[in-house]
Amino acid sequence: MNRRKLIPLLCAVTAFLSWYFLPGTFLDRALFTATAHISHKSPFLITGKGVASNPYTVRKFQGSSEASTSRAPTIISIGDDPDRVFQSSPPSPVDVAIILRNLRRLGENSPAIATPLAWPSPDTISLTALDQQLDSLPSVVTAAPLSRGPDPTIIPPAFRRASIPLEHVHGDTTLLPTVNRLAIPDVILGNKTSLAGFSIIESEKPTGLPQLLCKWDDRLILSFHLVATLEHFKVPPSGIEVRLGEYLSLGRNGPFIPIDEFGRLSFSPEPLESKTIIPASQLVDAPDDFFPETDTQPIILRNDLTVADRGTRIFSESLVPVIATLTNTSEDSKATSYPALPWPLELAYLSLILFLLFPPVFPRILKLKDFRIPAIIGLITVLHLLFFLIGNITIPTIPALITVGSAAILLLIQRNKSTSGSPSEIVGNSSSTVANATPGNARPSETQLSPTKIMEPEPSSKPLTQNKTAIVIEPVQPKSTQPKPAAKKTARKSSAKKAPRTATRQSRISQKAAKNNPYKKKSKKGPKS
């Protein structure tokens, strides 16, 4: 195929393949993110996959540090119990069972227990009463601290039900904190349908940012804050999407939670307290309409004991601001969608780029040094920014740039081949050079024109009785049309100059004998050619 047609055909194939396979890839998302930083100055996160069914969406998170108190959870405070309502302080398993029974009586069937259900030496009757109340709840969320040690254990069922496989996580999971056991071995994690999230990670130092994710074996473990938020929105753990360094999505349509590459909330919420804090002792004699019907916030049982350790106090203080932020992200984010052009228009756009690269109205093919390549790259950049900033539309910019780049590479390869040439061309060029160096009108040297060469006999004291001449036949070169009579004399002079001089007497006698040789005199005349 002619090269003039092969290069445009290869560029067209490259444009189609890149247009078909590149949308939604890392390269496409990186270009969109870089462009979004030009037009959006406030903090934002990018959702979507960049395809027609799920386009990219920029969500400006406006309330990152201003979580509204209207979204704060309702707190059931388990305090020091100065009125001695319960059997003991801290509450025993029977006391916790009484709290759960009253919550179910008041219509709250999905509490989230933020305090670990663990006692040093509980009696069997108390544990049985607690298990009965946990089994009567349709759903419950429990918490427990996790750690990492030399003796790993298997993931408890409650944690496994609230986890997702690591293979479903987008990003580098090696940066996540790693755990392999419960920090409290005999903690109670609920019934057969309960979910569990970690309260703190004892093997990790606190950083000031709430930790939402960690890994245990091949599973992604969620924090108590996140599991309580999932239970509030009735989203199963399998329905979330995790993109480390970008966001965590509680379903396809959100809410969207910005996270960093270490599985932490990407900002630190401001301190916030719930507007509804109810002491656990008030639930014992509470009327049936104690909780208003309009109150749809999560119910959190929080440990507010003064004897609690430092880690427990930090975790209890983070419950309200973090859960309020997680449940409030859907209302505080302003979304801007960037759909792609219809596919016929995208193909027409790429066809226009090919037409500008290889216009049929020009008789010559595109040169590598032509001004059109930088001009076309500039045109693609300008169109990309105009469609993005003005029309909120994405165009196939990367396929267009790849098309221009492939055209430049192919033309560079073609130019290098034409410069170096093939081996047959090199041989042809060398033969023509030799022919040009010896033109037909040039006279060959004397050794080429002389048909014979007379070998002279060495001088001897005996007289010569026979004419012995050795003749060596050499190929005869073509006669010259422009003879140069001075060539023979010049050759003789040059050979005479090169003859070595001898100072011995014998050499002078040999030279005199050779001078008087009659055969030498005849050879000077030379045969006629």
# chains A, B, ... in the order shown; residues from 1 in each chain; ligands from 1
call {"tool": "residues_around", "arguments": {"residues": "A:Leu213", "least_positions_apart": "4", "cutoff": "6 Å", "atoms": "only C-alpha atoms", "output": "short mmCIF file (atom, residue, chain, number, x, y, z; two decimals) with C-alpha atoms, in the first residue's frame"}}
result
data_model
loop_
_atom_site.label_atom_id
_atom_site.label_comp_id
_atom_site.auth_asym_id
_atom_site.auth_seq_id
_atom_site.Cartn_x
_atom_site.Cartn_y
_atom_site.Cartn_z
CA ILE A 221 -13.33 -3.41 58.04
CA LEU A 222 -15.52 -0.34 58.67
CA GLY A 263 -8.91 5.45 54.90
#
call {"tool": "residues_around", "arguments": {"residues": "A:Phe262", "least_positions_apart": "5", "cutoff": "12 Å", "atoms": "only C-alpha atoms", "output": "list in words"}}
result
Gly171, Asp172, Thr173, Thr174, Leu175, Leu176, Pro177, Thr178, Glu204, Thr207, Leu209, Pro210, Gln211, Leu212, Leu213, Cys214, Lys215, Val242, Arg243, Leu244, Gly245, Glu246 and Tyr247 of chain A
call {"tool": "residues_around", "arguments": {"residues": "stretch 98-102 of chain A", "least_positions_apart": "3", "cutoff": "8 Å", "atoms": "only C-alpha atoms", "output": "list of chain:residue names"}}
result
A:Val94, A:Asp95, A:Arg105, A:Leu106, A:Gln133, A:Leu134, A:Ala280, A:Leu283, A:Val284
call {"tool": "closest_residue", "arguments": {"among": "A:Ile373, A:Ala228, A:Ile240, A:Ile154", "to": "A:His170", "atoms": "only C-alpha atoms"}}
result
A:Ile240
call {"tool": "residues_around", "arguments": {"residues": "stretch 143-148 of chain A", "least_positions_apart": "4", "cutoff": "8 Å", "atoms": "only C-alpha atoms", "output": "MDAnalysis selection string"}}
result
chainID A and resid 113:116 152 178:184 187 189 196:203 224
call {"tool": "closest_atom_pairs", "arguments": {"of": "stretch 75-114 of chain A", "to": "stretch 307-316 of chain A", "cutoff": "12 Å", "atoms": "only C-alpha atoms", "output": "CSV"}}
result
residue,atom,partner,partner_atom,distance
A:Ile75,CA,A:Ser316,CA,10.3
A:Ile76,CA,A:Ser316,CA,11.6
A:Ser77,CA,A:Ser316,CA,10.0
A:Ile78,CA,A:Ser316,CA,10.9
A:Gly79,CA,A:Val307,CA,9.7
A:Asp80,CA,A:Val307,CA,8.6
A:Ser89,CA,A:Val307,CA,10.0
A:Pro90,CA,A:Val307,CA,8.9
A:Ile113,CA,A:Ser316,CA,11.2
A:Ala114,CA,A:Ser316,CA,7.8
call {"tool": "closest_residue", "arguments": {"among": "A:Trp343, A:Phe44, A:Phe21, A:Phe371", "to": "A:Leu356", "atoms": "only C-alpha atoms"}}
result
A:Phe371
call {"tool": "atom_distance", "arguments": {"atom1": "atom CA of A:Ser139", "atom2": "atom CA of A:Ser110"}}
result
5.1 Å
call {"tool": "select_by_dssp", "arguments": {"residues": "stretch 60-234 of chain A", "states": "strand (DSSP E or B)", "output": "PyMOL selection string"}}
result
chain A and resi 60-61+74-78+112-113+117+141-147+164-165+170+178+181-182+188+195-201+211+213-216+219-223
call {"tool": "residues_around", "arguments": {"residues": "A:Gly251", "least_positions_apart": "3", "cutoff": "7 Å", "atoms": "only C-alpha atoms", "output": "PyMOL selection string"}}
result
chain A and resi 239-241+254
call {"tool": "write_last_selection", "arguments": {"atoms": "N, CA, C and O atoms", "output": "compact mmCIF listing (two decimals), in the first residue's frame"}}
result
# COMPACT_ATOMS: atom_id res chain seq x y z
N GLY A 239 -23.15 -2.44 49.17
CA GLY A 239 -23.59 -1.37 48.27
C GLY A 239 -22.69 -0.15 48.27
O GLY A 239 -22.98 0.82 47.54
N ILE A 240 -21.61 -0.14 49.05
CA ILE A 240 -20.76 1.04 49.10
C ILE A 240 -19.64 0.91 48.07
O ILE A 240 -19.28 -0.20 47.64
N GLU A 241 -19.12 2.02 47.66
CA GLU A 241 -17.98 2.09 46.73
C GLU A 241 -16.87 2.89 47.39
O GLU A 241 -17.10 4.00 47.86
N GLY A 254 -25.02 8.26 46.33
CA GLY A 254 -24.51 8.89 47.54
C GLY A 254 -25.30 8.49 48.76
O GLY A 254 -26.14 7.59 48.71
call {"tool": "closest_residue", "arguments": {"among": "A:Phe159, A:Phe86, A:Phe16, A:Tyr338", "to": "A:Leu350", "atoms": "only C-alpha atoms"}}
result
A:Phe16
call {"tool": "residues_around", "arguments": {"residues": "A:Leu17", "least_positions_apart": "3", "cutoff": "12 Å", "atoms": "only C-alpha atoms", "output": "PyMOL selection string"}}
result
chain A and resi 10-14+20-23+347+350+396+398-400+402-403
call {"tool": "write_last_selection", "arguments": {"atoms": "N, CA, C and O atoms", "output": "tab-separated table (two decimals), in the first residue's frame"}}
result
chain	number	residue	atom	x	y	z
A	10	LEU	N	-3.55	4.20	9.60
A	10	LEU	CA	-3.12	3.80	10.94
A	10	LEU	C	-3.55	4.81	12.00
A	10	LEU	O	-3.95	4.43	13.10
A	11	CYS	N	-3.49	6.07	11.67
A	11	CYS	CA	-3.94	7.10	12.62
A	11	CYS	C	-5.44	7.01	12.88
A	11	CYS	O	-5.90	7.22	14.01
A	12	ALA	N	-6.22	6.69	11.85
A	12	ALA	CA	-7.66	6.55	12.03
A	12	ALA	C	-7.98	5.35	12.94
A	12	ALA	O	-8.86	5.43	13.80
A	13	VAL	N	-7.27	4.24	12.74
A	13	VAL	CA	-7.47	3.08	13.60
A	13	VAL	C	-7.10	3.40	15.05
A	13	VAL	O	-7.80	3.02	16.00
A	14	THR	N	-6.00	4.12	15.25
A	14	THR	CA	-5.59	4.51	16.60
A	14	THR	C	-6.63	5.42	17.26
A	14	THR	O	-6.93	5.27	18.45
A	20	TYR	N	-12.68	4.20	21.98
A	20	TYR	CA	-13.53	3.12	22.46
A	20	TYR	C	-13.10	2.61	23.84
A	20	TYR	O	-13.96	2.27	24.67
A	21	PHE	N	-11.78	2.57	24.10
A	21	PHE	CA	-11.30	1.91	25.31
A	21	PHE	C	-10.88	2.88	26.42
A	21	PHE	O	-10.81	2.46	27.58
A	22	LEU	N	-10.57	4.14	26.14
A	22	LEU	CA	-10.00	5.02	27.16
A	22	LEU	C	-11.00	5.64	28.13
A	22	LEU	O	-10.61	5.95	29.25
A	23	PRO	N	-12.26	5.89	27.77
A	23	PRO	CA	-13.17	6.53	28.74
A	23	PRO	C	-13.29	5.73	30.03
A	23	PRO	O	-13.47	4.51	30.02
A	347	LEU	N	-17.25	10.95	17.23
A	347	LEU	CA	-16.58	10.42	16.04
A	347	LEU	C	-16.38	11.50	14.99
A	347	LEU	O	-15.36	11.53	14.28
A	350	LEU	N	-13.31	13.52	16.03
A	350	LEU	CA	-12.06	12.84	15.68
A	350	LEU	C	-11.82	12.84	14.18
A	350	LEU	O	-10.67	12.94	13.73
A	396	PRO	N	-13.74	13.98	23.60
A	396	PRO	CA	-12.64	13.00	23.56
A	396	PRO	C	-11.28	13.66	23.32
A	396	PRO	O	-10.71	13.57	22.23
A	398	ILE	N	-8.29	13.09	24.98
A	398	ILE	CA	-7.15	12.17	24.98
A	398	ILE	C	-7.07	11.38	23.67
A	398	ILE	O	-5.98	11.24	23.10
A	399	PRO	N	-8.17	10.82	23.13
A	399	PRO	CA	-8.05	10.17	21.82
A	399	PRO	C	-7.55	11.11	20.72
A	399	PRO	O	-6.79	10.69	19.85
A	400	ALA	N	-7.96	12.38	20.77
A	400	ALA	CA	-7.47	13.33	19.76
A	400	ALA	C	-5.97	13.57	19.90
A	400	ALA	O	-5.24	13.60	18.90
A	402	ILE	N	-3.80	11.50	21.23
A	402	ILE	CA	-3.11	10.27	20.84
A	402	ILE	C	-3.05	10.15	19.33
A	402	ILE	O	-2.05	9.68	18.76
A	403	THR	N	-4.08	10.59	18.63
A	403	THR	CA	-4.08	10.56	17.18
A	403	THR	C	-2.98	11.46	16.61
A	403	THR	O	-2.23	11.07	15.71
call {"tool": "residues_around", "arguments": {"residues": "A:Ala72", "least_positions_apart": "3", "cutoff": "8 Å", "atoms": "only C-alpha atoms", "output": "list in words"}}
result
Ser68, Thr69, Glu273, Ser274, Lys275, Gln297, Val320, Pro321, Ile323 and Ala324 of chain A
call {"tool": "select_by_dssp", "arguments": {"residues": "stretch 252-410 of chain A", "states": "alpha helix (DSSP H)", "output": "ChimeraX atom specification"}}
result
/A:310-332,343-357,372-389,397-410
call {"tool": "atom_distance", "arguments": {"atom1": "atom CA of A:Ile377", "atom2": "atom CA of A:Lys41"}}
result
26.4 Å
